[in-house]
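**Q** Here it is: the structure, laid out below.
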Amino acid sequence: MRKSINNLFKFSFVLLLLAGCNLFSPEKITKIDEEDQVLSIPSGFDFSTYQDVTINISDNATYAKYDVYAYSDELYDAGTETYENEFGETVTETIYKSDVLEKLIFSGVPSNGVLKQTINLPNFYNKVYIRRNKHLSFSSSIEDIIDQEVNYTFSESGANERSLAGQTVTDYLYSVNGEGQLFQIDPLTGELTDLSNMPMGSFTCAIDQENKMLYSIGRSKPYPLMKYSIVEDSWEIVANLGIGGPRLGYNPNDGLLYFSNNGAKLYTFDPSTGERVSVKDILGLHNTTGGDLDFAEDGTLFLCTFSGLYRLDLNDDGDYQSTRISADNLPFTPTSMTFDSNQELWLAEASANADLIVMDTETGGWEYKYGSRANNNTAFGRKINDLTTFRVYSDNVDETDSDGDGILDQDDAFPDDAEAAFESFTPSKYGKGTIAFEDLWPSTGDYDFNDAVLSYQAIAVLNADNLAVRLDFVCNIKANGAGYTNGIGFEIEGLDPSQIESVSGPVLTHSFINVSSNGTEAGQDNAVIILADDVDNILNETTISIRFVDPISTSDLGVAPFNPFIIVNKQREKEIHLPYRHITSLGDQSVAFTGDNKDTDGNFISENGFPWAISIIHDFKVPKEKVDITSAYNFFSSWAESGGSNNVDWYKDNPGNRNDDLLE
């Protein structure tokens, strides 16, 4: 069976101004134009925009932390930027960025070799990005979602270790580019792992190995000196230098940053303050643009520009005299350089699909190691604007575990709480989900979906065994276009109320909600959490915290937003749910109502095929009052008519998706 719905909704509303009436009573729909074009909706289509996905990770290592991200190779338009490129040219271009590292879903350490979580992802995702961190040695994998599951087994592909003066050291090449990506390359395999999004794109990076800090200078004004903590995975702006360029190195002998712009000057900066310490001339460069600089283990300073590799030596006047080492005419333009623990010199060249090159500092001989020109299937598909080396020493692992839960402080989201260690997010660490309701059920609504619009982020707090001990539901009402006083809450189906220890944070100001001593709604077979008995009570961000009696797996708990609903006009039995979702024990679908019953089968889809509620794992932009969703979103109809197969990201801010003038 297929249902027909109107494509355009033309409603006339009459506000009844009778003596003693509520001036904010709901609008009355008087007419629907039946001659409009109709859409065919597949029977059983529930308007769902997301999927539950179970992640299964197997790893028998003693200890390794995992971060799991929603993955898409789609880039978004981050606006335009004017900057001086490595050729010394001033350019203005559109910046396209990846948001993968903004889509962290959960973190954890395998327990008994297994890490398993159930998460909620938008339907347009078909992959996840899995990043493994073993004591700051990173690796990663992109895995397909197959039948709502991801199965990943880690296997050691060959240890990237070298013996160095009685120590075991692992080298990693840390890299940045103008698109604002910080990533790591394994010099033994060429494997690339994304680490962080930078505050600003950059042509420079340098590492203070002792303090595990990476420094970088933004590529455009005001040229901020940026500091990245490798341990804490966090950025800080030290100061605005007011000068930019492509060459940066850290000197462990004096603790200063050495910087050279697209010219023949070498500056030193205090990395703690950004204060300029000195400036010296560089003599004898054949080309002053592009390149990088770095210190060899013996303290020798090397610099490369587009004319090749140079050694720099201080002369009697206190300036740097350059001596060219490489051949006169290299077939590539080097943009970066770094020494590894074997004192091999690595360079990258300037192109949209960079190559990595190893060069001998005595002869200037070189070879392509990785990248498209290396002909070994290791193309990076991105720019490498600078390189620096980070060394991981086997005998220098910080094993501090303040709360004794078995999770190292550097990996523990709650280092002083033995009952909590990790977090799992819906939709993601930096994202919000939206649930939008029409409140005239079972009568026809106007389908602007702004009668009650809940913005939320659900954070499941996990213990060291990756079990949930608490759920923090951070929410607020972002739109309330209703005249009714509506309550809002959700049911955690399959969870008995007795499994909840306490609920804190709900805002209840009326007398029609009864709660048990643990904060759940009384009289319910399943655990029901009422966020507010009046949506106006949570116009500002509110956190509802749910503690469990015993830790529970996310597969047993289920995933947010669970079974959300509104309670219409303080009539506790009158609930409105998502399509095909069940009412709670206190709901009654036979409740008396005013108007025509458009939901005679009780599935919360009207005879026209429209729902009274829609849930989107995204920050949904709400249509303006009286603007139906098919007018505000150009592909909503196509998506619905296909049963969710076409235009699965119809609600995103992609070109052509939205009519912004019709959105709040």
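Residue names in the structure tokens use chain letters A, B, ... in the order shown, residue numbers from 1 in each chain, and ligand numbers from 1 in the order shown.
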Find the residues around range 67-69 of chain A up to 10 Å (only C-alpha atoms counted), leave out those fewer than 2 positions away in its own chain, and share them as a ChimeraX atom specification.
**A** /A:55,65,71-72,99-109,127-133,140-142,424,428-429
**Q** Neighbouring residues of range 498-511 of chain A were defined as those with any atom within 8 Å, considering only C-alpha atoms; residues of the same chain fewer than 3 positions away were excluded. Please report them as JSON, numbers by chain.
**A** {"A": [495, 514, 517, 518, 519, 520, 527, 529, 530, 531, 532, 533, 534, 537, 538, 542, 543, 544, 545, 546, 547, 548, 549, 550]}
**Q** Restricting the calculation to only C-alpha atoms, which member of A:Trp639, A:Val392, A:Leu462, A:Thr189 is positioned closest to Ala413 in chain A?
**A** A:Leu462
**Q** Report as a PyMOL selection string: the residues of range 418-599 of chain A with a DSSP assignment of alpha helix (DSSP H), based on the backbone of this structure.
**A** chain A and resi 554-557
**Q** Taking only C-alpha atoms into account, which of A:Asn486, A:Thr400, A:Ser638, A:Asn123 comes nearest Ile566 in chain A?
**A**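 Distance minimum relative to Ile566 in chain A lands on A:Asn486.
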**Q** By how many Å are CA of Thr630 in chain A and CA of Trp650 in chain A apart?
**A**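 Going from CA of Thr630 in chain A over to CA of Trp650 in chain A covers 10.7 Å.
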**Q** Give me the residues within 10 Å of Ser307 in chain A as a JSON list (two decimals) with C-alpha atoms, in the first residue's frame, counting only C-alpha atoms and dropping any in the same chain fewer than 2 places off.
**A**
```
[["chain", "number", "residue", "atom", "x", "y", "z"],
["A", 285, "LEU", "CA", 70.57, 31.66, -1.25],
["A", 286, "HIS", "CA", 69.87, 31.20, -4.96],
["A", 287, "ASN", "CA", 66.10, 31.27, -4.39],
["A", 288, "THR", "CA", 64.64, 32.66, -1.17],
["A", 289, "THR", "CA", 61.10, 31.26, -1.43],
["A", 290, "GLY", "CA", 59.55, 28.06, -0.10],
["A", 291, "GLY", "CA", 61.26, 25.34, 1.88],
["A", 304, "CYS", "CA", 65.94, 24.27, 2.00],
["A", 305, "THR", "CA", 64.28, 26.61, -0.46],
["A", 309, "LEU", "CA", 69.19, 22.09, 0.29],
["A", 310, "TYR", "CA", 71.66, 24.37, 2.12],
["A", 324, "ARG", "CA", 74.23, 24.60, -1.28],
["A", 326, "SER", "CA", 71.88, 19.55, -3.45],
["A", 327, "ALA", "CA", 72.15, 19.66, -7.22],
["A", 328, "ASP", "CA", 71.44, 22.92, -8.99],
["A", 329, "ASN", "CA", 68.22, 21.82, -10.61],
["A", 330, "LEU", "CA", 66.00, 19.57, -8.50],
["A", 332, "PHE", "CA", 60.74, 19.12, -7.34],
["A", 333, "THR", "CA", 60.17, 22.19, -5.18],
["A", 334, "PRO", "CA", 60.78, 21.26, -1.51]]
```
**Q** Please report, as a PyMOL selection string, each residue of range 371-578 of chain A to which DSSP assigns strand (DSSP E) when run on this structure's backbone.
**A** chain A and resi 386-393+422-426+433-437+452-462+468-479+487-492+500-504+527-532+542-552+563-567+575-577
**Q** Which residues come within 6 Å of Gly371 in chain A, counting only C-alpha atoms, excluding same-chain residues fewer than 6 positions away, as a count of residues only?
**A** 4
**Q** When distances are computed from only C-alpha atoms, which of A:Asn608, A:Glu438, A:His618, A:Val648 shows the smallest separation from Ile567 in chain A?
**A**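 Closest to Ile567 in chain A, using only C-alpha atoms: A:Glu438.
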**Q** Which residues come within 10 Å of Glu232 in chain A, counting only C-alpha atoms, excluding same-chain residues fewer than 6 positions away, as a count of residues only?
**A** 5
**Q** What's the separation between CA of Phe269 in chain A and CA of Leu257 in chain A, in Å to one decimal place?
**A**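 Atom-to-atom, CA of Phe269 in chain A and CA of Leu257 in chain A are spaced 5.1 Å apart.
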**Q** Out of A:Thr300, A:Ser40, A:Ser111, A:Ser637, which residue has the shortest atom-to-atom distance to Asp405 in chain A when counting only C-alpha atoms?
**A**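 Using only C-alpha atoms, the shortest distance to Asp405 in chain A belongs to A:Ser111.
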**Q** Calculated over only C-alpha atoms, which of the candidates A:Tyr96, A:Phe339, A:Phe259, A:Phe390 has the smallest distance to Leu214 in chain A?
**A**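 Residue with the minimum atom-to-atom distance to Leu214 in chain A: A:Phe390.
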**Q** If we count only C-alpha atoms and set the cut-off at 6 Å, which residues sit around Ile616 in chain A, ignoring sequence neighbours fewer than 3 positions away in its own chain? Please answer as a PyMOL selection string.
**A** chain A and resi 49+433-434
**Q** Write the residues you've just listed into a file as a PDB file, in the first residue's frame, and include C-alpha atoms for each of them.
**A**
```
ATOM      1  CA  THR A  49      17.212   9.873   9.239  1.00  0.00           C
ATOM      2  CA  GLY A 433      20.605  16.582  17.251  1.00  0.00           C
ATOM      3  CA  THR A 434      17.068  17.910  16.745  1.00  0.00           C
TER       4      THR A 434
END
```
**Q** Neighbouring residues of Glu362 in chain A were defined as those with any atom within 9 Å, considering only C-alpha atoms; residues of the same chain fewer than 3 positions away were excluded. Please report them as a list in words.
**A** Ile325, Ser326, Met359 and Gly365 of chain A
**Q** Output the selection as a PDB file, in the first residue's frame - N, CA, C and O atoms for each residue.
**A**
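Saved to out.pdb:
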```
ATOM      1  N   ILE A 325      74.004  22.223  -0.960  1.00  0.00           N
ATOM      2  CA  ILE A 325      74.419  20.829  -0.947  1.00  0.00           C
ATOM      3  C   ILE A 325      73.825  20.070  -2.117  1.00  0.00           C
ATOM      4  O   ILE A 325      74.501  19.267  -2.766  1.00  0.00           O
ATOM      5  N   SER A 326      72.564  20.309  -2.409  1.00  0.00           N
ATOM      6  CA  SER A 326      71.876  19.548  -3.454  1.00  0.00           C
ATOM      7  C   SER A 326      72.274  20.049  -4.835  1.00  0.00           C
ATOM      8  O   SER A 326      72.899  21.101  -4.989  1.00  0.00           O
ATOM      9  N   MET A 359      66.715  12.534   1.411  1.00  0.00           N
ATOM     10  CA  MET A 359      67.904  13.139   0.795  1.00  0.00           C
ATOM     11  C   MET A 359      69.119  12.927   1.686  1.00  0.00           C
ATOM     12  O   MET A 359      69.020  13.000   2.916  1.00  0.00           O
ATOM     13  N   GLY A 365      72.168  13.533  -2.813  1.00  0.00           N
ATOM     14  CA  GLY A 365      71.408  12.508  -3.520  1.00  0.00           C
ATOM     15  C   GLY A 365      70.050  12.293  -2.871  1.00  0.00           C
ATOM     16  O   GLY A 365      69.887  12.483  -1.663  1.00  0.00           O
TER      17      GLY A 365
END
```
**Q** Interatomic distance between CA of Leu539 in chain A and CA of Trp441 in chain A?
**A** 23.1 Å
**Q** Considering only C-alpha atoms, state which residue in the set A:Gly489, A:Leu225, A:Leu266, A:Ala348 is at the smallest distance from Ser322 in chain A.
**A**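 Under the stated criterion, the closest residue is A:Leu266.
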